[in-house]
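Structure first, commentary second.
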Amino acid sequence: MNDRRVVVTGMGAVTPVGNDVETMWDSIIAGKSGVDFVTKVDKEAFPAIIAAEVKGFDPTDYMEKKEARKMDPFAQYAVAAAKMAVQDAALTIDENNANRVGVWIGSGIGGMKTYEEQHSKFNEKGYKRVSPFFVPMMIPDMAAGQVSIQLGAKGINSCSVTACASGSNSIGDAFKAVQRGDVDYMIAGGTEAPISNMAFAGFSSAKALSLSENPKEASRPFDKNRDGFVMGEGSGLLILETLETALERGAHIYGEIVGYGATGDAYHITAPAENGEGAARAMQHAIDDAGISPEDVGYINAHGTSTALNDKFETVAIKDVFGEHANKLAVSSTKSMTGHLLGAGGGVEAVISIKAMEEGMIPATINYETPDPDCDLDYVPNEARKQNVDVVVSNSFGFGGHNVSLVFKKY
């Protein structure tokens with residue numbers, strides 16, 4: 001059977017710069033940072049004192065209070081984003097199509113807050129005080145499970161756990177499920193709520209977090225003075241469906257997903273492969289899968305974590321894949337505003353990439369002040385740029401050597 005065309009018809013987001021897509025997008029284009037002093041852990045206990053937290057989120061806007069209490073925040077964020085995306089797509093899920101609607105939502109860590117709280121109860125009071133909901137609140141696949149339950153989606157239900165590539169892997173895998181005919185619709189993306197003592201401790205010990213004392217300037221991808229990433233949280237989800245069903249429904253089509261590339265570095269547990277070799281292969285695979293040439297790409301939403309090696313080697317990888325065209329490409333990292341949402345990053349950045357294409361606006365890399373000789377591309381410094389874009393690549397790379405590139409195309 002011929003591969004089916006797959007389009008994006010709905011989007012939802014819960015982020016440090018807004019708890020819906022439009023608020024988030026307005027913040028991104030305005031160059032507004034969601035980074036501030038951390039409140040969800042005691043900042044006096046850690047060398048890093050800042051984070052990009054979700055603000056003003058009330059789960060009971062999207063679910064009953066009783067249900068919310070049985071979900072870790074990472075699942076709450078996903079349910080909220082999924083309900084927004086389904087409403088945005090004007091998609092009715094009922095007995096007529098439920099078996100053809102799937103869910104694929106990635107999370108790198110899962111229910112860290114739940115794990116910490118229940119472990120403390122166990123240590124203090126023994127196993128009988130551990131919640132019977134502990135396991136189903138903690139496991140990373142439960143965001144997909146809860147979305148399926150809440151919305152009645154009975155198609156393939158899965159979760160990619162590939163660290164910071166989880167959201168992008170989930171979108172790519174969902175794309176392929178629709179393309180080959182396993183389902184007609186997918187709710188896909190990533191979610192994460194990692195701002196907890198143990199996660200902060202682990203990343204601090206790994207010397208991965210920015211030690212800046214100025215929240216608004218801490219996340220500075222590609223800048224010479226970058227000193228680590230800023231931990232963020234939230235969720236970004238897409239509704240993917242066949243072009244045929246979208247046209248039949250008269251759905252608004254944001255764009256088309258046309259390429260997915262995924263590779264492994266086989267190199268190191270945390271460091272990227274030398275010269276971004278694995279990242280380059282992921283981008284090339286995605287371009288080949290899309291059936292386009294590198295010159296067709298107008299914008300890359302970079303992984304751009306604000307860490308020394310990632311930003312340097314992603315730049316090298318882009319040059320390897322795009323050659324002379326790399327100098328004409330707009331490349332920006334919206335993590336400069338959202339922080340690094342770990343497993344949710346690819347989902348949120350997919351939403352941003354599609355909005356950039358739809359609106360003809362390329363988000364900036366804010367806090368770009370001092371050029372780095374190793375990072376010498378057009379990073380759209382500090383101010384969003386009005387520019388028509390027909391094809392966008394979104395990159396996500398994760399610990400363990402997971403590399404993912406997605407290609408979106410204007411419909």
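Identifiers for the structure tokens are assigned positionally: chains receive A, B, ... in sequence, residues are indexed from 1 per chain, and ligands are indexed from 1 in the order shown.
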Polymer residues at most 12 Å from Ile139 in chain A, only C-alpha atoms, same-chain spacing of 5 or more positions, as number ranges by chain: A: 71-72, 74-75, 106-115, 133-134, 144-146, 159, 161, 192
Near-range 378-380 of chain A list (12 Å; only C-alpha atoms; drop same-chain fewer than 3 positions) as a ChimeraX atom specification: /A:29,31,220-223,298-302,304,311,315,318-319,325-334,336,361-369,371-372,375,383-387
Set the distance at 6 Å and use only C-alpha atoms: which residues neighbour range 53-58 of chain A once local chain neighbours fewer than 2 positions away are removed? I'd like the list as a compact mmCIF listing (two decimals) with all heavy atoms, in the first residue's frame.
# COMPACT_ATOMS: atom_id res chain seq x y z
N THR A 15 3.29 25.16 29.15
CA THR A 15 4.72 25.50 29.12
C THR A 15 5.07 26.59 30.13
O THR A 15 4.18 27.26 30.66
CB THR A 15 5.14 26.01 27.72
OG1 THR A 15 4.72 27.39 27.57
CG2 THR A 15 4.54 25.17 26.60
N PRO A 16 6.36 26.81 30.35
CA PRO A 16 6.78 27.90 31.23
C PRO A 16 6.46 29.29 30.69
O PRO A 16 6.54 30.27 31.44
CB PRO A 16 8.30 27.70 31.34
CG PRO A 16 8.51 26.26 31.05
CD PRO A 16 7.50 25.93 30.00
N ALA A 51 15.03 27.74 37.33
CA ALA A 51 14.33 26.73 36.53
C ALA A 51 13.26 27.43 35.70
O ALA A 51 12.94 28.60 35.92
CB ALA A 51 13.70 25.67 37.43
N THR A 60 -7.64 21.05 37.63
CA THR A 60 -9.09 20.87 37.67
C THR A 60 -9.82 21.65 36.57
O THR A 60 -11.03 21.52 36.41
CB THR A 60 -9.66 21.27 39.05
OG1 THR A 60 -9.38 22.65 39.30
CG2 THR A 60 -9.03 20.42 40.15
N ASP A 61 -9.07 22.44 35.81
CA ASP A 61 -9.66 23.04 34.60
C ASP A 61 -9.87 21.98 33.52
O ASP A 61 -10.62 22.21 32.56
CB ASP A 61 -8.75 24.13 34.04
CG ASP A 61 -8.71 25.37 34.93
OD1 ASP A 61 -9.64 25.54 35.74
OD2 ASP A 61 -7.75 26.17 34.81
N GLY A 232 13.34 22.69 32.62
CA GLY A 232 11.98 23.16 32.43
C GLY A 232 10.99 22.02 32.55
O GLY A 232 11.35 20.86 32.75
N GLU A 233 9.71 22.35 32.40
CA GLU A 233 8.65 21.35 32.50
C GLU A 233 7.47 21.76 31.63
O GLU A 233 7.36 22.91 31.22
CB GLU A 233 8.19 21.21 33.96
CG GLU A 233 7.61 22.50 34.53
CD GLU A 233 7.08 22.34 35.95
OE1 GLU A 233 6.99 21.20 36.43
OE2 GLU A 233 6.74 23.38 36.56
Residue among A:Gly343, A:Arg180, A:Asn275, A:Leu151 lying closest to Asp94 in chain A, counting only C-alpha atoms: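 Of A:Gly343, A:Arg180, A:Asn275, A:Leu151, the one nearest Asp94 in chain A is A:Leu151, counting only C-alpha atoms.
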Please list as a PDB file with N, CA and C atoms, in the first residue's frame every residue within 7 Å of Ala266 in chain A, counting only C-alpha atoms and excluding residues in the same chain fewer than 2 positions away.
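Here's the written file part16.pdb:
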ATOM      1  N   GLY A 264      21.324   6.407  16.594  1.00  0.00           N
ATOM      2  CA  GLY A 264      22.023   6.259  17.866  1.00  0.00           C
ATOM      3  C   GLY A 264      23.494   6.583  17.701  1.00  0.00           C
ATOM      4  N   HIS A 268      28.561   7.537  24.011  1.00  0.00           N
ATOM      5  CA  HIS A 268      28.752   7.931  25.408  1.00  0.00           C
ATOM      6  C   HIS A 268      27.384   8.107  26.054  1.00  0.00           C
ATOM      7  N   GLY A 401      22.639   8.833  23.652  1.00  0.00           N
ATOM      8  CA  GLY A 401      22.947   8.911  22.230  1.00  0.00           C
ATOM      9  C   GLY A 401      21.754   8.819  21.316  1.00  0.00           C
TER      10      GLY A 401
END
All residues 8 Å or closer to Ala13 in chain A, only C-alpha atoms, same chain fewer than 2 positions away omitted, as a ChimeraX atom specification: /A:11,15,18-21,24,80-81,84,234-237,348,351
Coordinates-based distance that separates CA of Thr242 in chain A from CA of Lys355 in chain A (Å, one decimal):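 These two atoms are separated by 19.7 Å.
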If you run DSSP on the backbone, which residues of range 188-372 of chain A are alpha helix (DSSP H), as a short mmCIF file (atom, residue, chain, number, x, y, z; two decimals) with C-alpha atoms, in the first residue's frame?
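Saved to part.cif:
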data_model
loop_
_atom_site.label_atom_id
_atom_site.label_comp_id
_atom_site.auth_asym_id
_atom_site.auth_seq_id
_atom_site.Cartn_x
_atom_site.Cartn_y
_atom_site.Cartn_z
CA ASN A 197 15.05 17.32 44.49
CA MET A 198 16.45 14.15 42.97
CA ALA A 199 16.45 15.42 39.39
CA PHE A 200 18.00 18.70 40.49
CA ALA A 201 20.60 16.79 42.48
CA GLY A 202 21.42 14.43 39.63
CA PHE A 203 21.83 17.11 36.99
CA SER A 204 23.75 19.30 39.45
CA SER A 205 26.16 16.46 40.20
CA PRO A 215 17.28 33.88 35.59
CA LYS A 216 16.35 35.84 32.48
CA GLU A 217 19.82 35.50 30.97
CA ALA A 218 20.75 32.00 32.12
CA LEU A 243 -4.88 14.00 4.82
CA GLU A 244 -7.97 12.11 3.66
CA THR A 245 -9.72 12.24 7.05
CA ALA A 246 -8.73 15.87 7.55
CA LEU A 247 -10.26 16.85 4.21
CA GLU A 248 -13.37 14.78 4.90
CA ARG A 249 -13.83 16.53 8.24
CA GLU A 277 28.01 12.54 13.73
CA GLY A 278 24.81 10.91 15.00
CA ALA A 279 22.84 14.15 14.84
CA ALA A 280 23.95 14.66 11.24
CA ARG A 281 22.73 11.19 10.29
CA ALA A 282 19.35 11.85 11.94
CA MET A 283 18.88 15.07 9.96
CA GLN A 284 19.94 13.39 6.72
CA HIS A 285 17.58 10.46 7.32
CA ALA A 286 14.69 12.85 7.99
CA ILE A 287 15.41 14.83 4.82
CA ASP A 288 15.65 11.64 2.78
CA ASP A 289 12.43 10.33 4.32
CA ALA A 290 10.70 13.59 3.39
CA ALA A 308 29.19 23.58 25.56
CA LEU A 309 29.33 20.36 23.52
CA ASN A 310 25.73 20.16 22.30
CA ASP A 311 25.68 23.61 20.73
CA LYS A 312 29.11 23.19 19.16
CA PHE A 313 28.46 19.74 17.68
CA GLU A 314 24.92 20.53 16.53
CA THR A 315 26.41 23.44 14.59
CA VAL A 316 28.99 21.11 13.00
CA ALA A 317 26.28 18.57 12.16
CA ILE A 318 24.13 21.20 10.46
CA LYS A 319 27.12 22.26 8.34
CA ASP A 320 27.84 18.64 7.41
CA VAL A 321 24.27 18.01 6.23
CA PHE A 322 23.45 21.34 4.62
CA LYS A 335 15.07 26.73 24.88
CA SER A 336 16.53 30.19 25.44
CA MET A 337 12.97 31.10 26.55
CA THR A 338 11.33 27.84 27.66
CA GLY A 345 11.05 19.47 24.64
CA GLY A 346 10.47 17.83 21.27
CA GLY A 347 6.70 18.09 21.65
CA VAL A 348 6.69 21.77 22.56
CA GLU A 349 9.26 22.57 19.89
CA ALA A 350 7.20 20.75 17.25
CA VAL A 351 4.29 23.05 18.10
CA ILE A 352 6.58 26.08 17.86
CA SER A 353 8.04 24.86 14.55
CA ILE A 354 4.59 24.49 13.03
CA LYS A 355 3.51 27.92 14.28
CA ALA A 356 6.67 29.43 12.77
CA MET A 357 5.70 27.95 9.41
CA GLU A 358 2.05 28.96 9.69
CA GLU A 359 2.72 32.52 10.86
#
Members of range 185-397 of chain A assigned strand (DSSP E) by DSSP, as an MDAnalysis selection string: chainID A and resid 185:192 234:242 255:264 299:301 330:332 361:362 385:386 391:397
File of the preceding selection, N, CA and C atoms, as a tab-separated table (two decimals), in the first residue's frame:
chain	number	residue	atom	x	y	z
A	185	TYR	N	-5.68	8.47	13.28
A	185	TYR	CA	-5.40	9.66	14.08
A	185	TYR	C	-4.44	9.28	15.21
A	186	MET	N	-3.56	10.23	15.56
A	186	MET	CA	-2.69	10.04	16.72
A	186	MET	C	-2.62	11.33	17.54
A	187	ILE	N	-2.66	11.16	18.86
A	187	ILE	CA	-2.37	12.25	19.79
A	187	ILE	C	-0.93	12.01	20.23
A	188	ALA	N	-0.02	12.91	19.86
A	188	ALA	CA	1.41	12.58	19.99
A	188	ALA	C	2.23	13.78	20.45
A	189	GLY	N	3.27	13.48	21.24
A	189	GLY	CA	4.19	14.51	21.69
A	189	GLY	C	4.91	14.09	22.95
A	190	GLY	N	5.18	15.05	23.83
A	190	GLY	CA	5.93	14.74	25.04
A	190	GLY	C	5.42	15.49	26.24
A	191	THR	N	5.78	14.99	27.42
A	191	THR	CA	5.38	15.65	28.66
A	191	THR	C	6.43	15.37	29.73
A	192	GLU	N	6.59	16.31	30.66
A	192	GLU	CA	7.61	16.15	31.69
A	192	GLU	C	7.34	17.09	32.86
A	234	GLY	N	6.59	20.79	31.34
A	234	GLY	CA	5.40	21.09	30.55
A	234	GLY	C	5.06	19.97	29.60
A	235	SER	N	4.25	20.30	28.60
A	235	SER	CA	3.82	19.31	27.62
A	235	SER	C	3.48	19.99	26.30
A	236	GLY	N	3.77	19.30	25.21
A	236	GLY	CA	3.38	19.77	23.88
A	236	GLY	C	2.90	18.60	23.06
A	237	LEU	N	1.67	18.70	22.54
A	237	LEU	CA	1.06	17.58	21.81
A	237	LEU	C	0.45	18.03	20.49
A	238	LEU	N	0.48	17.12	19.53
A	238	LEU	CA	-0.10	17.34	18.21
A	238	LEU	C	-1.20	16.32	17.95
A	239	ILE	N	-2.16	16.71	17.13
A	239	ILE	CA	-3.08	15.75	16.52
A	239	ILE	C	-2.57	15.50	15.10
A	240	LEU	N	-2.17	14.26	14.84
A	240	LEU	CA	-1.76	13.84	13.50
A	240	LEU	C	-2.88	13.00	12.91
A	241	GLU	N	-3.18	13.22	11.66
A	241	GLU	CA	-4.20	12.38	10.99
A	241	GLU	C	-3.92	12.31	9.50
A	242	THR	N	-4.60	11.41	8.85
A	242	THR	CA	-4.42	11.29	7.41
A	242	THR	C	-4.97	12.54	6.72
A	255	GLY	N	-0.20	22.06	8.92
A	255	GLY	CA	0.96	21.70	8.11
A	255	GLY	C	1.01	20.20	7.96
A	256	GLU	N	2.01	19.73	7.27
A	256	GLU	CA	2.17	18.31	7.00
A	256	GLU	C	3.47	17.83	7.63
A	257	ILE	N	3.46	16.65	8.23
A	257	ILE	CA	4.69	16.04	8.71
A	257	ILE	C	5.15	15.07	7.63
A	258	VAL	N	6.37	15.25	7.17
A	258	VAL	CA	6.83	14.50	5.99
A	258	VAL	C	8.11	13.70	6.21
A	259	GLY	N	8.83	13.96	7.32
A	259	GLY	CA	10.10	13.25	7.50
A	259	GLY	C	10.41	12.97	8.96
A	260	TYR	N	11.04	11.81	9.18
A	260	TYR	CA	11.43	11.38	10.53
A	260	TYR	C	12.74	10.63	10.43
A	261	GLY	N	13.74	11.12	11.14
A	261	GLY	CA	15.03	10.44	11.20
A	261	GLY	C	15.43	10.19	12.64
A	262	ALA	N	15.84	8.97	12.95
A	262	ALA	CA	16.25	8.62	14.31
A	262	ALA	C	17.51	7.76	14.25
A	263	THR	N	18.52	8.14	15.02
A	263	THR	CA	19.79	7.41	15.03
A	263	THR	C	20.31	7.26	16.45
A	264	GLY	N	21.32	6.41	16.59
A	264	GLY	CA	22.02	6.26	17.87
A	264	GLY	C	23.49	6.58	17.70
A	299	TYR	N	14.24	26.73	7.98
A	299	TYR	CA	14.43	26.99	9.41
A	299	TYR	C	14.67	25.68	10.15
A	300	ILE	N	15.62	25.73	11.08
A	300	ILE	CA	15.85	24.60	11.99
A	300	ILE	C	15.58	25.06	13.42
A	301	ASN	N	14.62	24.39	14.07
A	301	ASN	CA	14.45	24.60	15.50
A	301	ASN	C	15.45	23.66	16.17
A	330	ALA	N	18.07	29.81	8.78
A	330	ALA	CA	17.78	30.37	10.09
A	330	ALA	C	17.78	29.20	11.08
A	331	VAL	N	18.55	29.34	12.15
A	331	VAL	CA	18.65	28.30	13.18
A	331	VAL	C	18.43	28.97	14.53
A	332	SER	N	17.44	28.54	15.29
A	332	SER	CA	17.26	29.15	16.61
A	332	SER	C	16.91	28.10	17.64
A	361	MET	N	6.89	33.52	10.93
A	361	MET	CA	7.72	34.19	11.93
A	361	MET	C	8.70	33.19	12.51
A	362	ILE	N	9.97	33.53	12.51
A	362	ILE	CA	10.99	32.63	13.06
A	362	ILE	C	11.37	33.12	14.46
A	385	ARG	N	12.02	37.01	13.67
A	385	ARG	CA	12.21	37.52	12.31
A	385	ARG	C	11.01	37.15	11.44
A	386	LYS	N	10.46	38.12	10.77
A	386	LYS	CA	9.39	37.87	9.80
A	386	LYS	C	10.01	37.25	8.56
A	391	VAL	N	9.52	24.80	4.82
A	391	VAL	CA	9.95	23.53	5.41
A	391	VAL	C	10.77	23.81	6.67
A	392	VAL	N	10.43	23.11	7.76
A	392	VAL	CA	11.10	23.27	9.04
A	392	VAL	C	11.64	21.92	9.51
A	393	VAL	N	12.84	21.93	10.07
A	393	VAL	CA	13.40	20.75	10.73
A	393	VAL	C	13.44	21.04	12.23
A	394	SER	N	12.99	20.08	13.04
A	394	SER	CA	13.07	20.21	14.50
A	394	SER	C	13.95	19.09	15.04
A	395	ASN	N	14.99	19.48	15.78
A	395	ASN	CA	15.97	18.52	16.30
A	395	ASN	C	15.79	18.26	17.80
A	396	SER	N	15.99	17.01	18.20
A	396	SER	CA	16.02	16.64	19.62
A	396	SER	C	17.07	15.56	19.82
A	397	PHE	N	17.92	15.75	20.82
A	397	PHE	CA	18.97	14.77	21.11
A	397	PHE	C	18.95	14.45	22.60
